[in-house]
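Worksheet for the structure shown next.
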Amino acid sequence: MKSYSQTKAMFAITRASLRAIFRSPSAVIFGFAFPLIFILVFGFIGGGGVTVRIAFKNLADTNNMLMKNGLLKNPSIRLIKGLSEDEAKKEVAKGNIAAIIEIDSTQAANGTYQYTFKTTTSSASMDKFPILQSQLGSVIRQADERIFPNRLTVAKIERQPDVPGREYKTIDFILPGQLGFSLLSAGVFGVAFMFYSLRNTLVLKRFFATPIRRPYIILGEGLSRVLFQLLTAIVIISIGYFAFGFTLVNGFETFLEMMVLSFIGLLVFMGFGFIVSGLATSDSSIPPFANLITLPQFLLAGTFFPIDRFPGWLQVIAKVLPLTHLNVAMRSVAFEGAHLWDVKNEIGILLLWGVVAYAIAIKVFRWE
């Protein structure tokens with residue numbers, strides 16, 4: 001007589017659960033349709049939506065009235081400090097900074113100054129540079145009207161040769177955020193509803209009547225969720241790449257690294273799903289618990305716009321959230337060409353969240 005195979009039983013549960021997921025309209029909608037709708041919308045409308053950030057090549061002459069009362073007080077402009085010239089150029093090449101500004105000034109015989117703003121940008125910042133140019137022009141016009149009404153101009157803008165860089169498209173920002181949120185929703189809502197339903201319909205009790213061990217039940221059900229969501233990630237990235245030119249810097253290698261990040265993120269988020277499943281006492285109590293976990297991250301983790309647009313105190317909260325670190329890692333790998341080792345800090349924080357989530361899940365998870 002053959003011994004009972006726990007592995008075969010686990011894969012049988014996986015196959016059955018996977019078929020059930022594909023037959024579930026809500027799973028398909030939240031897994032495929034919901035993120036794809038946002039990707040299609042932002043892919044077609046294009047546009048910017050990224051904070052205009054600048055760096056100065058020389059900081060010696062930023063204390064004049066034109067800068068103090070004009071550009072540096074402009075809410076649309078953010079000055080990035082503490083970067084060397086080489087570091088600033090790298091950030092411009094990545095599209096993280098709109099331009100490097102060098103300020104030249106000459107003093108006329110009457111004691112007044114003529115300023116020249118020399119700007120260095122790259123093709124990766126082409127979506128943000130026109131905004132910066134407009135703001136510089138506005139500052140100069142206001143100074144001309146208010147301070148030197150009889151002069152032709154107090155300053156001029158002189159564009160320097162561009163730093164080589166890739167074009168930064170809206171889809172390059174939106175797609176990683178939507179992929180991350182899709183993984184979060186699937187991990188929390190999918191797992192919570194799945195295990196609550198199995199428990200409530202007494203399916204788990206029927207499993208207990210068979211020789212399969214409890215860990216293999218969880219592995220079988222969890223594996224089906226992982227396979228479904230990784231398939232979703234493949235579809236999302238493929239549509240973004242082929243339809244809208246989503247940037248995969250190193251091609252297939254970058255794609256594989258994004259899939260590894262998706263796998264890590266999903267495993268972590270499933271831990272929160274187990275917590276919700278254990279705390280829920282009815283079907284109607286699952287959405288409130290799940291939304292407490294997903295909604296703040298959807299709004300604060302950089303899904304639609306950079307978190308540096310938030311007030312300082314809110315940025316501190318946003319930078320703690322696990323989805324923030326997954327989004328940062330995804331964008332760094334996809335557009336900047338970083339590898340998994342380069343985003344080890346983000347992966348480490350994600351894994352730390354996973355340890356905390358599963359530790360809590362073990363305490364609150366209920367089989368019956």
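Going by the structure tokens order, chains are called A, B, ..., each with residues numbered from 1, while ligands are numbered from 1 in the order shown.
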Run DSSP on the backbone of this structure and report the residues of segment 64-300 of chain A it assigns to helix (DSSP H, G or I), as a PyMOL selection string. chain A and resi 65-68+71-73+85-94+123-125+129-146+170-200+203-208+214-244+252-279+283-300
Leu175 of chain A environment, 12 Å, only C-alpha atoms, sequence neighbours closer than 2 positions dropped, as JSON, numbers by chain: {"A": [35, 36, 37, 38, 39, 40, 41, 42, 43, 169, 170, 171, 172, 173, 177, 178, 179, 180, 181, 182, 233, 234, 235, 236, 237, 238, 239, 240, 241, 244, 245, 246, 247, 248, 258, 302, 303, 304, 305, 327, 328, 330, 331, 334, 335]}
Write out, as a compact mmCIF listing (two decimals), in the first residue's frame, the residues just selected, with N, CA and C atoms.
```txt
# COMPACT_ATOMS: atom_id res chain seq x y z
N PRO A 35 -6.25 47.28 -11.88
CA PRO A 35 -4.98 47.97 -12.18
C PRO A 35 -4.82 48.31 -13.65
N LEU A 36 -5.38 47.47 -14.56
CA LEU A 36 -5.24 47.74 -15.98
C LEU A 36 -6.01 48.98 -16.41
N ILE A 37 -7.15 49.23 -15.76
CA ILE A 37 -7.93 50.43 -16.09
C ILE A 37 -7.09 51.68 -15.82
N PHE A 38 -6.44 51.72 -14.66
CA PHE A 38 -5.60 52.88 -14.33
C PHE A 38 -4.41 52.98 -15.28
N ILE A 39 -3.81 51.85 -15.60
CA ILE A 39 -2.67 51.86 -16.51
C ILE A 39 -3.08 52.37 -17.88
N LEU A 40 -4.23 51.92 -18.38
CA LEU A 40 -4.71 52.37 -19.68
C LEU A 40 -5.02 53.87 -19.66
N VAL A 41 -5.69 54.32 -18.60
CA VAL A 41 -6.04 55.74 -18.50
C VAL A 41 -4.80 56.61 -18.49
N PHE A 42 -3.85 56.31 -17.59
CA PHE A 42 -2.65 57.14 -17.49
C PHE A 42 -1.73 56.93 -18.68
N GLY A 43 -1.78 55.74 -19.27
CA GLY A 43 -0.97 55.49 -20.46
C GLY A 43 -1.42 56.32 -21.64
N LYS A 169 8.49 58.61 -18.72
CA LYS A 169 7.09 58.71 -19.11
C LYS A 169 6.19 58.48 -17.90
N THR A 170 4.95 58.92 -18.02
CA THR A 170 3.99 58.73 -16.93
C THR A 170 3.83 57.26 -16.58
N ILE A 171 3.84 56.40 -17.60
CA ILE A 171 3.65 54.97 -17.37
C ILE A 171 4.79 54.40 -16.52
N ASP A 172 5.98 55.01 -16.59
CA ASP A 172 7.12 54.53 -15.79
C ASP A 172 6.89 54.75 -14.31
N PHE A 173 6.06 55.74 -13.96
CA PHE A 173 5.73 55.97 -12.56
C PHE A 173 4.49 55.21 -12.14
N GLY A 177 3.42 51.40 -9.38
CA GLY A 177 2.50 51.68 -8.28
C GLY A 177 1.24 50.84 -8.36
N GLN A 178 0.68 50.72 -9.57
CA GLN A 178 -0.52 49.91 -9.75
C GLN A 178 -0.23 48.42 -9.57
N LEU A 179 0.94 47.98 -10.00
CA LEU A 179 1.32 46.59 -9.79
C LEU A 179 1.46 46.30 -8.30
N GLY A 180 2.09 47.22 -7.58
CA GLY A 180 2.25 47.05 -6.14
C GLY A 180 0.91 47.01 -5.43
N PHE A 181 0.00 47.91 -5.82
CA PHE A 181 -1.31 47.91 -5.16
C PHE A 181 -2.12 46.67 -5.52
N SER A 182 -1.96 46.16 -6.74
CA SER A 182 -2.64 44.92 -7.12
C SER A 182 -2.16 43.77 -6.24
N ALA A 233 0.84 39.90 -12.75
CA ALA A 233 2.00 40.80 -12.89
C ALA A 233 2.60 40.71 -14.29
N ILE A 234 2.67 39.50 -14.83
CA ILE A 234 3.20 39.32 -16.19
C ILE A 234 2.34 40.07 -17.20
N VAL A 235 1.02 39.96 -17.07
CA VAL A 235 0.10 40.63 -17.99
C VAL A 235 0.24 42.14 -17.88
N ILE A 236 0.28 42.67 -16.65
CA ILE A 236 0.36 44.11 -16.42
C ILE A 236 1.66 44.67 -17.01
N ILE A 237 2.79 44.03 -16.72
CA ILE A 237 4.07 44.51 -17.23
C ILE A 237 4.12 44.40 -18.75
N SER A 238 3.59 43.33 -19.30
CA SER A 238 3.63 43.13 -20.75
C SER A 238 2.81 44.19 -21.48
N ILE A 239 1.61 44.46 -20.98
CA ILE A 239 0.78 45.49 -21.61
C ILE A 239 1.45 46.86 -21.49
N GLY A 240 2.00 47.16 -20.33
CA GLY A 240 2.70 48.43 -20.17
C GLY A 240 3.89 48.55 -21.11
N TYR A 241 4.63 47.47 -21.29
CA TYR A 241 5.84 47.49 -22.12
C TYR A 241 5.51 47.58 -23.61
N PHE A 244 2.54 50.77 -24.17
CA PHE A 244 2.82 52.15 -23.76
C PHE A 244 4.29 52.45 -23.58
N GLY A 245 5.16 51.50 -23.91
CA GLY A 245 6.59 51.78 -23.84
C GLY A 245 7.15 51.86 -22.44
N PHE A 246 6.57 51.10 -21.51
CA PHE A 246 7.10 51.05 -20.15
C PHE A 246 8.57 50.65 -20.19
N THR A 247 9.39 51.35 -19.42
CA THR A 247 10.84 51.16 -19.47
C THR A 247 11.29 49.95 -18.67
N LEU A 248 11.94 49.02 -19.36
CA LEU A 248 12.63 47.90 -18.72
C LEU A 248 14.10 48.05 -19.13
N MET A 258 11.75 42.26 -11.49
CA MET A 258 10.45 42.77 -11.06
C MET A 258 9.54 41.63 -10.60
N GLY A 302 2.81 56.35 -2.63
CA GLY A 302 3.37 56.73 -3.92
C GLY A 302 2.80 55.97 -5.08
N THR A 303 1.52 55.60 -4.99
CA THR A 303 0.88 54.86 -6.08
C THR A 303 0.61 55.76 -7.28
N PHE A 304 0.09 56.97 -7.03
CA PHE A 304 -0.28 57.89 -8.11
C PHE A 304 0.66 59.09 -8.22
N PHE A 305 1.31 59.48 -7.14
CA PHE A 305 2.18 60.65 -7.17
C PHE A 305 3.27 60.48 -6.11
N ASN A 327 7.17 49.90 -4.01
CA ASN A 327 7.08 50.81 -5.16
C ASN A 327 8.44 51.42 -5.49
N VAL A 328 9.18 51.83 -4.46
CA VAL A 328 10.51 52.40 -4.68
C VAL A 328 11.43 51.38 -5.35
N MET A 330 10.57 48.73 -7.14
CA MET A 330 10.09 48.45 -8.50
C MET A 330 10.56 49.54 -9.47
N ARG A 331 10.39 50.80 -9.08
CA ARG A 331 10.76 51.90 -9.98
C ARG A 331 12.27 51.98 -10.16
N ALA A 334 13.15 49.07 -12.58
CA ALA A 334 12.61 49.21 -13.93
C ALA A 334 13.24 50.35 -14.70
N PHE A 335 13.30 51.55 -14.11
CA PHE A 335 13.74 52.73 -14.86
C PHE A 335 15.21 53.06 -14.65
```
Would you mind listing what lies within 10 Å of Ser84 of chain A as a PyMOL selection string, with only C-alpha atoms counted and same-chain residues fewer than 5 positions away left out? chain A and resi 55-57+89-90
What does the structure give for the distance between atom CA of Val355 of chain A and atom CA of Leu300 of chain A, in Å to one decimal?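 Value for the atom CA of Val355 of chain A-atom CA of Leu300 of chain A distance: 22.2 Å.
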Can you tell me, as a PyMOL selection string, what residues are no more than 10 Å from segment 340-345 of chain A when counting only C-alpha atoms, ignoring any on the same chain fewer than 3 positions away? chain A and resi 254+257-258+260-261+325-326+328-330+332-333+337+348-351
Export N, CA and C atoms of the chosen residues as a short mmCIF file (atom, residue, chain, number, x, y, z; two decimals), in the first residue's frame?
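Written out: selection.cif:
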```cif
data_model
loop_
_atom_site.label_atom_id
_atom_site.label_comp_id
_atom_site.auth_asym_id
_atom_site.auth_seq_id
_atom_site.Cartn_x
_atom_site.Cartn_y
_atom_site.Cartn_z
N THR A 254 15.57 42.77 -16.23
CA THR A 254 14.77 43.67 -15.39
C THR A 254 13.40 43.08 -15.13
N GLU A 257 13.67 40.49 -12.43
CA GLU A 257 13.87 41.10 -11.12
C GLU A 257 12.57 41.72 -10.59
N MET A 258 11.75 42.26 -11.49
CA MET A 258 10.45 42.77 -11.06
C MET A 258 9.54 41.63 -10.60
N VAL A 260 10.61 38.86 -9.18
CA VAL A 260 11.11 38.47 -7.85
C VAL A 260 10.57 39.43 -6.79
N LEU A 261 10.60 40.73 -7.09
CA LEU A 261 10.05 41.72 -6.16
C LEU A 261 8.55 41.51 -5.95
N HIS A 325 8.00 50.91 0.05
CA HIS A 325 9.30 50.32 -0.23
C HIS A 325 9.23 49.39 -1.45
N LEU A 326 8.11 48.72 -1.64
CA LEU A 326 7.96 47.90 -2.84
C LEU A 326 7.91 48.79 -4.07
N VAL A 328 9.18 51.83 -4.46
CA VAL A 328 10.51 52.40 -4.68
C VAL A 328 11.43 51.38 -5.35
N ALA A 329 11.40 50.15 -4.84
CA ALA A 329 12.25 49.09 -5.41
C ALA A 329 11.86 48.81 -6.86
N MET A 330 10.57 48.73 -7.14
CA MET A 330 10.09 48.45 -8.50
C MET A 330 10.56 49.54 -9.47
N SER A 332 13.01 51.71 -9.10
CA SER A 332 14.48 51.74 -9.20
C SER A 332 14.99 50.66 -10.15
N VAL A 333 14.41 49.49 -10.07
CA VAL A 333 14.82 48.38 -10.93
C VAL A 333 14.39 48.63 -12.38
N GLY A 337 17.62 51.04 -13.61
CA GLY A 337 18.56 49.96 -13.91
C GLY A 337 19.19 49.35 -12.68
N GLY A 348 14.79 44.44 2.55
CA GLY A 348 14.95 44.13 3.97
C GLY A 348 13.80 44.65 4.81
N ILE A 349 13.35 45.87 4.52
CA ILE A 349 12.22 46.44 5.27
C ILE A 349 10.94 45.66 4.96
N LEU A 350 10.77 45.27 3.70
CA LEU A 350 9.61 44.44 3.33
C LEU A 350 9.61 43.13 4.12
N LEU A 351 10.75 42.47 4.15
CA LEU A 351 10.84 41.20 4.87
C LEU A 351 10.61 41.38 6.36
#
```
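Comparing A:Phe208, A:Ile54, A:Ile218, A:Lys118 by their smallest distance to Leu72 of chain A, the closest is A:Ile54 (using only C-alpha atoms).
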Between atom CA of Phe289 of chain A and atom CA of Arg199 of chain A, what is the distance, to one decimal in Å?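 Taking atom CA of Phe289 of chain A and atom CA of Arg199 of chain A, their separation equals 17.6 Å.
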So which one's closest to Thr14 of chain A, A:Met259, A:Ile293, A:Leu79, A:Leu219? Using only C-alpha atoms, please.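 Between A:Met259, A:Ile293, A:Leu79, A:Leu219, the residue approaching Thr14 of chain A most closely is A:Leu219.
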Quick one: pull the distance between atom CA of Ser105 of chain A and atom CA of Gln142 of chain A, Å, one decimal.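 Computing the Euclidean distance for atom CA of Ser105 of chain A and atom CA of Gln142 of chain A yields 18.2 Å.
Closest approach to Arg206 of chain A among A:Phe242, A:Leu184, A:Ile101, A:Trp367 is made by A:Trp367 (distances from only C-alpha atoms).
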What's around Phe263 of chain A at 9 Å? Count only C-alpha atoms, leave out sequence neighbours fewer than 4 positions away in its own chain, and write the answer as a list in words.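 The filter keeps Leu183, Val226, Gln229, Leu230, Met258, Met259, Leu267 and Val268 of chain A.
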Could you list, as a ChimeraX atom specification, every residue within 8 Å of Leu321 of chain A, counting only C-alpha atoms and ignoring same-chain residues fewer than 4 positions away? /A:297,301,317,325
Could you write out that same residue set with N, CA and C atoms as a CSV table (one decimal), in the first residue's frame?
```
chain,number,residue,atom,x,y,z
A,297,GLN,N,-2.2,52.8,2.4
A,297,GLN,CA,-1.1,52.5,1.6
A,297,GLN,C,-1.4,52.9,0.1
A,301,ALA,N,1.4,55.6,-0.3
A,301,ALA,CA,2.7,54.9,-0.7
A,301,ALA,C,3.2,55.2,-2.0
A,317,ILE,N,5.3,59.1,7.9
A,317,ILE,CA,4.4,57.9,7.9
A,317,ILE,C,4.5,57.1,6.6
A,325,HIS,N,8.0,50.9,0.1
A,325,HIS,CA,9.3,50.3,-0.2
A,325,HIS,C,9.2,49.4,-1.4
```
Residues near Phe129 of chain A, cut-off 10 Å, only C-alpha atoms, skip fewer than 4 positions along chain, as a list in words: Val52, Arg53, Ile54, Gly95, Ile97, Ala98, Ala99, Thr119, Thr120, Thr121, Ser122, Ser123, Ala124, Ser125, Gln133, Ser134 and Gln135 of chain A
May I have all residues of segment 128-261 of chain A that DSSP, computed from the backbone, assigns to strand (DSSP E), given as an MDAnalysis selection string? chainID A and resid 155:159
Restricted to C-alpha atoms, what would the selected residues look like written as a PDB file, in the first residue's frame?
```
ATOM      1  CA  ALA A 155      18.068  88.046 -15.422  1.00  0.00           C
ATOM      2  CA  LYS A 156      18.019  85.623 -18.291  1.00  0.00           C
ATOM      3  CA  ILE A 157      17.915  81.836 -18.728  1.00  0.00           C
ATOM      4  CA  GLU A 158      20.667  80.085 -20.639  1.00  0.00           C
ATOM      5  CA  ARG A 159      20.246  76.372 -21.273  1.00  0.00           C
TER       6      ARG A 159
END
```
